[in-house]
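Enquirer: Before I ask anything, here is the structure I am working with.
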Amino acid sequence: MNAPNIPAVVRISGPPNSSFLVGYPGISATLPRIVGKVEIRPGAGISAPVNISMVRICLQRRETIHPSAENVAKRHLGTPRRETVETVGKEVLLFRCMTGKEAESVIAMDLPFQIFIPFGRSGEESNRRIPPASLQLPSRIAETYYELVVTVQQGSSMQNRYTFPVQLQRYDTLSTFGMYNRPETRAATADHIVTLGISLPKWSYGPLDPITVYVKLSPNPDYMSKAKKVTIQKITLTIEEEITFNPEGDEPTKKVTKIAKHTQTVGTKLPETGYMTNLGLVLPARNLRDPDGIIKRGKPHFPQYEVTSFTTTSTLYKIEFFLSVKAHMTSARDITLRQPIVVCPLDQQACKEEMEAIEQAAKDASMVDPNNPVLPERMIVLASEKDAIRHLGLCEVGGVKKMLIE
């Protein structure tokens, strides 16, 4: 006889002493993936079996933007919050009852799973793109978060969905990667009299990392008589955060915020050989500790970052950072140079520490076949099995169910 149709209790557990996320998203050699098992138990009483027809699981990304959320008046009068939802990778079928049966009457079920996170940009189709990191900006003007969604079909009349938050970080912007440690140079002129040149020794930075820029102002030899009259008043170095809302849509909007600034007063005439200096500042960081030195509990969907935001690209928003160098002069136009930089959520020391772990994760991943991953045995206990309730820690004594003491 089939069990009455009552909702099951569903939970997800990850690997022992580890989070659901295995590998490093953004680093393809580590085969980033979500690993765990779906556990299904009776939802009524202690041992009443549940009908299970089908169990599926997927990783879902939710993204919202509300550019007007910082302003109380605009929040109500401006454009409403926009949201997109999409499946990351593929949905996985974990269980389906035998053909010809509506459902199996189940006492307990443990269904291991692996969901591989896309790690390549091959083609523009969204299911191949590397998913952006979990992030919530102040006032929720933009956010990206992930959930594992388990769909349980219980007979023909009942289908329930259960969601579990998962945090996803990206590791392809670590400042210790060689590609970010090559010097970048750029030059600009405003009226052909003076040229502003800058050189950056590296271009990925994390919280409290020092940023140094080499600056040179050079006179144009063809306009030397005019260049001799130029006085350099000051040079300013600014870190700008630029958020583009709806970058792939019809009407993208930009919001630029200055997050740090340093001014060097010069007050000298431009020498014939040019003027050279170094400018530096520190990338600002958030203090995650309260006045008592305790790290506050974070939100289940979002990791605790030491920066308010970092370099990231999503469907509904994009965050970029620029170093802006401005030379203020008399007898010549001011010159501004904007150089893109990468802001990483981890500082230089944390990036160094991750490198070894990434190397080990890549070695471990080389043993995994993404097309046919080896999973632990699944456990399915049917109500018809002898001593089925032993799996719930019960036994039957004289027709009465009691706690099982081994």
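The chains in the structure tokens are called A, B, ... from first to last as shown; in each chain the residues are counted from 1, and the ligands are counted from 1 in the order shown.
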For stretch 23-34 of chain A, please output as a PDB file with C-alpha atoms, in the first residue's frame all residues within 9 Å (counting only C-alpha atoms; exclusion window: fewer than 5 positions along the same chain).
Expert:
ATOM      1  CA  GLY A  14      28.538  18.834   1.881  1.00  0.00           C
ATOM      2  CA  LEU A  59      22.604  25.456  -9.127  1.00  0.00           C
ATOM      3  CA  PHE A 113      25.699  14.670  -6.549  1.00  0.00           C
ATOM      4  CA  GLN A 114      28.322  16.737  -8.374  1.00  0.00           C
ATOM      5  CA  ILE A 115      27.462  19.873 -10.343  1.00  0.00           C
ATOM      6  CA  PHE A 116      30.310  21.176 -12.499  1.00  0.00           C
ATOM      7  CA  ILE A 117      30.593  24.959 -12.669  1.00  0.00           C
ATOM      8  CA  PRO A 118      31.362  26.324 -16.163  1.00  0.00           C
ATOM      9  CA  PHE A 119      34.988  27.443 -16.432  1.00  0.00           C
ATOM     10  CA  GLY A 120      35.390  28.523 -20.071  1.00  0.00           C
ATOM     11  CA  ILE A 130      32.362  31.562 -15.791  1.00  0.00           C
ATOM     12  CA  PRO A 131      29.720  32.601 -13.231  1.00  0.00           C
ATOM     13  CA  PRO A 132      30.452  35.884 -11.401  1.00  0.00           C
ATOM     14  CA  ALA A 133      31.244  35.915  -7.671  1.00  0.00           C
ATOM     15  CA  LEU A 168      30.684  31.409  -4.848  1.00  0.00           C
ATOM     16  CA  GLN A 169      33.982  33.299  -5.084  1.00  0.00           C
ATOM     17  CA  ARG A 170      36.236  33.870  -8.111  1.00  0.00           C
ATOM     18  CA  TYR A 171      39.991  33.316  -8.099  1.00  0.00           C
ATOM     19  CA  ASP A 172      41.143  34.532 -11.517  1.00  0.00           C
ATOM     20  CA  THR A 173      41.998  38.055 -10.282  1.00  0.00           C
ATOM     21  CA  ILE A 358      45.118  26.025  -6.063  1.00  0.00           C
ATOM     22  CA  GLU A 359      48.063  23.911  -7.204  1.00  0.00           C
ATOM     23  CA  GLN A 360      46.895  21.008  -5.014  1.00  0.00           C
ATOM     24  CA  ALA A 361      43.286  21.407  -6.211  1.00  0.00           C
ATOM     25  CA  ALA A 362      44.510  21.179  -9.823  1.00  0.00           C
ATOM     26  CA  LYS A 363      46.356  17.910  -9.017  1.00  0.00           C
ATOM     27  CA  ASP A 364      43.206  16.501  -7.379  1.00  0.00           C
ATOM     28  CA  ALA A 365      41.059  17.597 -10.336  1.00  0.00           C
ATOM     29  CA  SER A 366      43.314  15.783 -12.811  1.00  0.00           C
ATOM     30  CA  VAL A 368      38.279  13.558 -12.024  1.00  0.00           C
ATOM     31  CA  PRO A 370      33.816  15.617 -15.642  1.00  0.00           C
TER      32      PRO A 370
END
Enquirer: Pick out the residues sitting within 7 Å of A:Glu104, and hand them over as a VMD selection string; count only C-alpha atoms, and ignore anything fewer than 3 positions along from it in its own chain.
Expert: chain A and resid 51 to 53 97
Enquirer: Taking the chain letters and numbering used in this document, name the residues of stretch 126-347 of chain A that DSSP puts in strand (DSSP E), as a VMD selection string.
Expert: chain A and resid 135 to 136 142 to 154 158 to 166 184 to 189 194 to 200 204 to 205 210 to 219 231 to 245 253 to 269 275 to 282 312 to 313 317 to 330 335 to 343
Enquirer: Write out as a list in words each polymer residue whose atoms come within 12 Å of A:Thr313, counting only C-alpha atoms; drop sequence neighbours fewer than 4 positions from it.
Expert: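 Counting only C-alpha atoms, the residues come to Glu63, Arg129, Ile130, Pro131, Pro132, Ala133, Ser134, Leu135, Ala142, Glu143, Thr144, Arg170, Glu242, Ile243, Thr244, Phe245, Asn246, Pro247, Glu248, Ser309, Tyr317, Lys318, Ile319, Glu320, Phe321 and Val342 of chain A.
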Enquirer: Do a neighbour search on stretch 175-189 of chain A at 8 Å with only C-alpha atoms, toss out local chain neighbours closer than 2 positions, and write the hits as a short mmCIF file (atom, residue, chain, number, x, y, z; two decimals) with N, CA and C atoms, in the first residue's frame.
Expert:
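Listing of part09.cif after writing:
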data_model
loop_
_atom_site.label_atom_id
_atom_site.label_comp_id
_atom_site.auth_asym_id
_atom_site.auth_seq_id
_atom_site.Cartn_x
_atom_site.Cartn_y
_atom_site.Cartn_z
N THR A 173 41.44 36.69 -10.37
CA THR A 173 42.00 38.05 -10.28
C THR A 173 43.08 38.14 -9.21
N ASP A 191 47.16 69.60 -25.01
CA ASP A 191 47.27 70.65 -26.03
C ASP A 191 48.65 70.64 -26.72
N HIS A 192 49.30 69.51 -26.74
CA HIS A 192 50.59 69.29 -27.42
C HIS A 192 51.75 70.01 -26.77
N ILE A 193 51.52 70.72 -25.66
CA ILE A 193 52.63 71.43 -25.01
C ILE A 193 53.34 70.49 -24.03
N VAL A 194 52.53 69.75 -23.27
CA VAL A 194 53.08 68.86 -22.23
C VAL A 194 52.48 67.46 -22.43
N THR A 195 53.30 66.44 -22.19
CA THR A 195 52.82 65.05 -22.23
C THR A 195 52.90 64.45 -20.84
N LEU A 196 51.81 63.81 -20.42
CA LEU A 196 51.77 63.11 -19.13
C LEU A 196 51.94 61.62 -19.41
N GLY A 197 52.95 61.02 -18.80
CA GLY A 197 53.16 59.58 -18.94
C GLY A 197 53.11 58.92 -17.58
N ILE A 198 52.51 57.72 -17.52
CA ILE A 198 52.50 56.99 -16.24
C ILE A 198 52.95 55.56 -16.48
N SER A 199 53.48 54.95 -15.42
CA SER A 199 53.88 53.55 -15.47
C SER A 199 53.44 52.88 -14.18
N LEU A 200 52.75 51.72 -14.33
CA LEU A 200 52.29 50.94 -13.18
C LEU A 200 53.09 49.64 -13.15
N PRO A 201 53.78 49.32 -12.06
CA PRO A 201 54.56 48.08 -12.03
C PRO A 201 53.69 46.82 -12.03
N LYS A 202 52.48 46.91 -11.49
CA LYS A 202 51.54 45.79 -11.50
C LYS A 202 50.13 46.36 -11.56
N TRP A 203 49.12 45.51 -11.84
CA TRP A 203 47.78 46.10 -11.99
C TRP A 203 46.64 45.28 -11.40
N SER A 204 46.96 44.42 -10.39
CA SER A 204 45.90 43.80 -9.58
C SER A 204 46.22 44.06 -8.11
N TYR A 205 45.21 44.52 -7.36
CA TYR A 205 45.43 44.92 -5.97
C TYR A 205 44.28 44.43 -5.11
N GLY A 206 44.60 44.12 -3.84
CA GLY A 206 43.59 43.71 -2.88
C GLY A 206 43.51 44.71 -1.74
N ILE A 335 45.91 67.74 -17.65
CA ILE A 335 45.89 66.45 -18.37
C ILE A 335 45.43 65.36 -17.40
N THR A 336 44.51 64.52 -17.85
CA THR A 336 44.03 63.39 -17.03
C THR A 336 44.26 62.08 -17.78
N LEU A 337 44.77 61.11 -17.06
CA LEU A 337 44.96 59.75 -17.60
C LEU A 337 44.18 58.78 -16.73
N GLN A 339 43.74 54.78 -16.07
CA GLN A 339 44.33 53.47 -16.33
C GLN A 339 43.49 52.39 -15.63
N CYS A 344 40.97 42.88 -6.44
CA CYS A 344 40.75 41.50 -6.01
C CYS A 344 40.24 41.51 -4.56
N ASP A 347 43.94 40.23 -0.22
CA ASP A 347 45.17 41.03 -0.25
C ASP A 347 46.35 40.17 -0.73
N GLN A 348 47.51 40.81 -0.87
CA GLN A 348 48.69 40.15 -1.44
C GLN A 348 49.06 38.88 -0.67
N CYS A 351 46.53 36.09 -1.24
CA CYS A 351 46.70 35.56 -2.60
C CYS A 351 47.86 34.56 -2.64
N LYS A 352 48.96 34.90 -1.97
CA LYS A 352 50.12 34.00 -1.93
C LYS A 352 49.74 32.68 -1.29
N MET A 355 47.81 30.24 -3.54
CA MET A 355 48.48 29.65 -4.71
C MET A 355 48.80 28.16 -4.52
#
Enquirer: Calculated over only C-alpha atoms, which of the candidates A:Asn287, A:Thr236, A:Gln304, A:Thr231 has the smallest distance to A:Lys269?
Expert: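 Nearest to A:Lys269: A:Thr231.
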Enquirer: From the list A:Asn17, A:Tyr146, A:Gly43, A:Ile380, which residue is nearest A:Phe302 when using only C-alpha atoms?
Expert: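 Using only C-alpha atoms, the shortest distance to A:Phe302 belongs to A:Tyr146.
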Enquirer: Go through A:Thr64, A:Gln159, A:Gln349, A:Gln136 one by one, measure the shortest atom-to-atom distance of each to A:Pro7 using only C-alpha atoms, and give the residue with the smallest value.
Expert: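 Nearest candidate to A:Pro7 out of A:Thr64, A:Gln159, A:Gln349, A:Gln136: A:Gln159.
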Enquirer: What residues in stretch 213-302 of chain A get the DSSP label helix (DSSP H, G or I)? Please answer as a PyMOL selection string.
Expert: chain A and resi 221-227
Enquirer: Excluding same-chain residues fewer than 4 positions from A:Ser19, what lies within 10 Å of it counting only C-alpha atoms, as an MDAnalysis selection string?
Expert: chainID A and resid 13:15 34:36 166:167
Enquirer: Those residues with N, CA and C atoms, as a compact mmCIF listing (two decimals), in the first residue's frame please?
Expert:
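Writing the result to selection.txt gives the following:
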# COMPACT_ATOMS: atom_id res chain seq x y z
N SER A 13 23.86 18.07 2.57
CA SER A 13 25.10 18.11 3.34
C SER A 13 26.28 18.08 2.37
N GLY A 14 27.34 18.79 2.73
CA GLY A 14 28.54 18.83 1.88
C GLY A 14 29.54 17.77 2.30
N PRO A 15 30.71 17.74 1.66
CA PRO A 15 31.75 16.78 2.04
C PRO A 15 32.19 17.04 3.48
N ILE A 34 30.30 21.75 -7.38
CA ILE A 34 29.54 21.68 -6.12
C ILE A 34 29.35 20.20 -5.81
N VAL A 35 29.78 19.78 -4.62
CA VAL A 35 29.74 18.37 -4.24
C VAL A 35 28.94 18.23 -2.94
N GLY A 36 28.11 17.21 -2.86
CA GLY A 36 27.36 16.96 -1.63
C GLY A 36 26.38 15.83 -1.82
N VAL A 166 24.36 29.03 -1.40
CA VAL A 166 25.74 28.62 -1.66
C VAL A 166 26.54 29.88 -1.98
N GLN A 167 27.73 30.00 -1.39
CA GLN A 167 28.60 31.15 -1.70
C GLN A 167 29.60 30.76 -2.78
Enquirer: Report, in Å with one decimal, the straight-line distance from atom CA of A:Arg56 to atom CA of A:Val22.
Expert: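 Distance between the two atoms: 20.3 Å.
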Enquirer: Hey, can you check how far atom CA of A:Pro252 sits from atom CA of A:Leu323?
Expert: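 It comes out at 22.2 Å.
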Enquirer: Given the choices A:His262, A:Lys255, A:Arg41, A:Arg140, which gets closest to A:Met379 if the distance is worked out from only C-alpha atoms?
Expert: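 When distances to A:Met379 are compared using only C-alpha atoms, the smallest one comes from A:Arg41.
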Enquirer: For A:Met109, which residue out of A:Ile40, A:Asn160, A:Ala383, A:Ile6 is the nearest one, using only C-alpha atoms?
Expert: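 With only C-alpha atoms as the atom set, the closest residue is A:Ile40.
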Enquirer: If we count only C-alpha atoms, what is near A:Gly274 at a cut-off of 9 Å, once residues fewer than 2 positions away on the same chain are taken out, given as a list of chain:residue names?
Expert: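 In the requested form, the answer reads A:Lys216, A:Leu217, A:Ser218, A:Pro219, A:Leu270, A:Pro271, A:Glu272, A:Met276.
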Enquirer: Could you dump the residues just selected with N, CA and C atoms as a JSON list (two decimals), in the first residue's frame?
Expert:
[["chain", "number", "residue", "atom", "x", "y", "z"],
["A", 216, "LYS", "N", 55.56, 60.97, -15.13],
["A", 216, "LYS", "CA", 56.52, 61.87, -15.78],
["A", 216, "LYS", "C", 55.77, 62.88, -16.64],
["A", 217, "LEU", "N", 56.10, 64.17, -16.43],
["A", 217, "LEU", "CA", 55.57, 65.25, -17.27],
["A", 217, "LEU", "C", 56.70, 65.73, -18.17],
["A", 218, "SER", "N", 56.52, 65.64, -19.48],
["A", 218, "SER", "CA", 57.59, 65.99, -20.43],
["A", 218, "SER", "C", 57.14, 67.14, -21.32],
["A", 219, "PRO", "N", 58.01, 68.15, -21.54],
["A", 219, "PRO", "CA", 57.67, 69.23, -22.47],
["A", 219, "PRO", "C", 57.82, 68.74, -23.91],
["A", 270, "LEU", "N", 57.98, 73.69, -15.12],
["A", 270, "LEU", "CA", 58.29, 72.44, -15.80],
["A", 270, "LEU", "C", 59.73, 72.50, -16.34],
["A", 271, "PRO", "N", 60.63, 71.64, -15.82],
["A", 271, "PRO", "CA", 62.02, 71.67, -16.32],
["A", 271, "PRO", "C", 62.09, 71.19, -17.78],
["A", 272, "GLU", "N", 63.16, 71.60, -18.47],
["A", 272, "GLU", "CA", 63.33, 71.18, -19.87],
["A", 272, "GLU", "C", 63.49, 69.67, -19.98],
["A", 276, "MET", "N", 59.67, 64.25, -12.91],
["A", 276, "MET", "CA", 59.33, 62.87, -12.55],
["A", 276, "MET", "C", 59.04, 62.75, -11.07]]
Enquirer: Using only C-alpha atoms, which protein or nucleic acid residues come within 12 Å of A:Ala260? Drop anything in the same chain fewer than 3 positions from it, and give the result as a ChimeraX atom specification.
Expert: /A:208,210-211,236-241,257,263,280-285,321-324
Enquirer: Write a file of the selected residues as a compact mmCIF listing (two decimals), in the first residue's frame, keeping C-alpha atoms.
Expert:
# COMPACT_ATOMS: atom_id res chain seq x y z
CA LEU A 208 45.26 47.50 2.02
CA PRO A 210 49.95 49.69 -1.63
CA ILE A 211 49.59 51.18 -5.12
CA THR A 236 46.34 64.00 -7.96
CA LEU A 237 45.96 60.23 -7.90
CA THR A 238 42.43 58.83 -7.51
CA ILE A 239 40.98 55.32 -7.42
CA GLU A 240 37.59 55.29 -9.14
CA GLU A 241 34.95 52.59 -8.96
CA THR A 257 32.59 56.77 -7.14
CA THR A 263 47.30 64.90 -3.88
CA GLY A 280 51.19 56.17 -3.95
CA LEU A 281 48.14 55.31 -1.92
CA VAL A 282 46.59 52.26 -0.27
CA LEU A 283 43.49 50.46 -1.54
CA PRO A 284 40.82 51.00 1.16
CA ALA A 285 39.56 48.01 3.15
CA PHE A 321 38.22 50.20 -11.37
CA PHE A 322 40.49 52.92 -12.72
CA LEU A 323 43.53 54.80 -11.48
CA SER A 324 43.04 58.41 -12.50
Enquirer: Rank nothing, just name the residue among A:Glu353, A:Asp209, A:Asp110, A:Asp292 nearest to A:Val307, using only C-alpha atoms.
Expert: A:Asp209
Enquirer: For a test of reading the model, state the distance in Å between atom CA of A:Ile232 and atom CA of A:Lys258, rounded to one decimal.
Expert: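 Here the two named atoms are 23.1 Å from each other.
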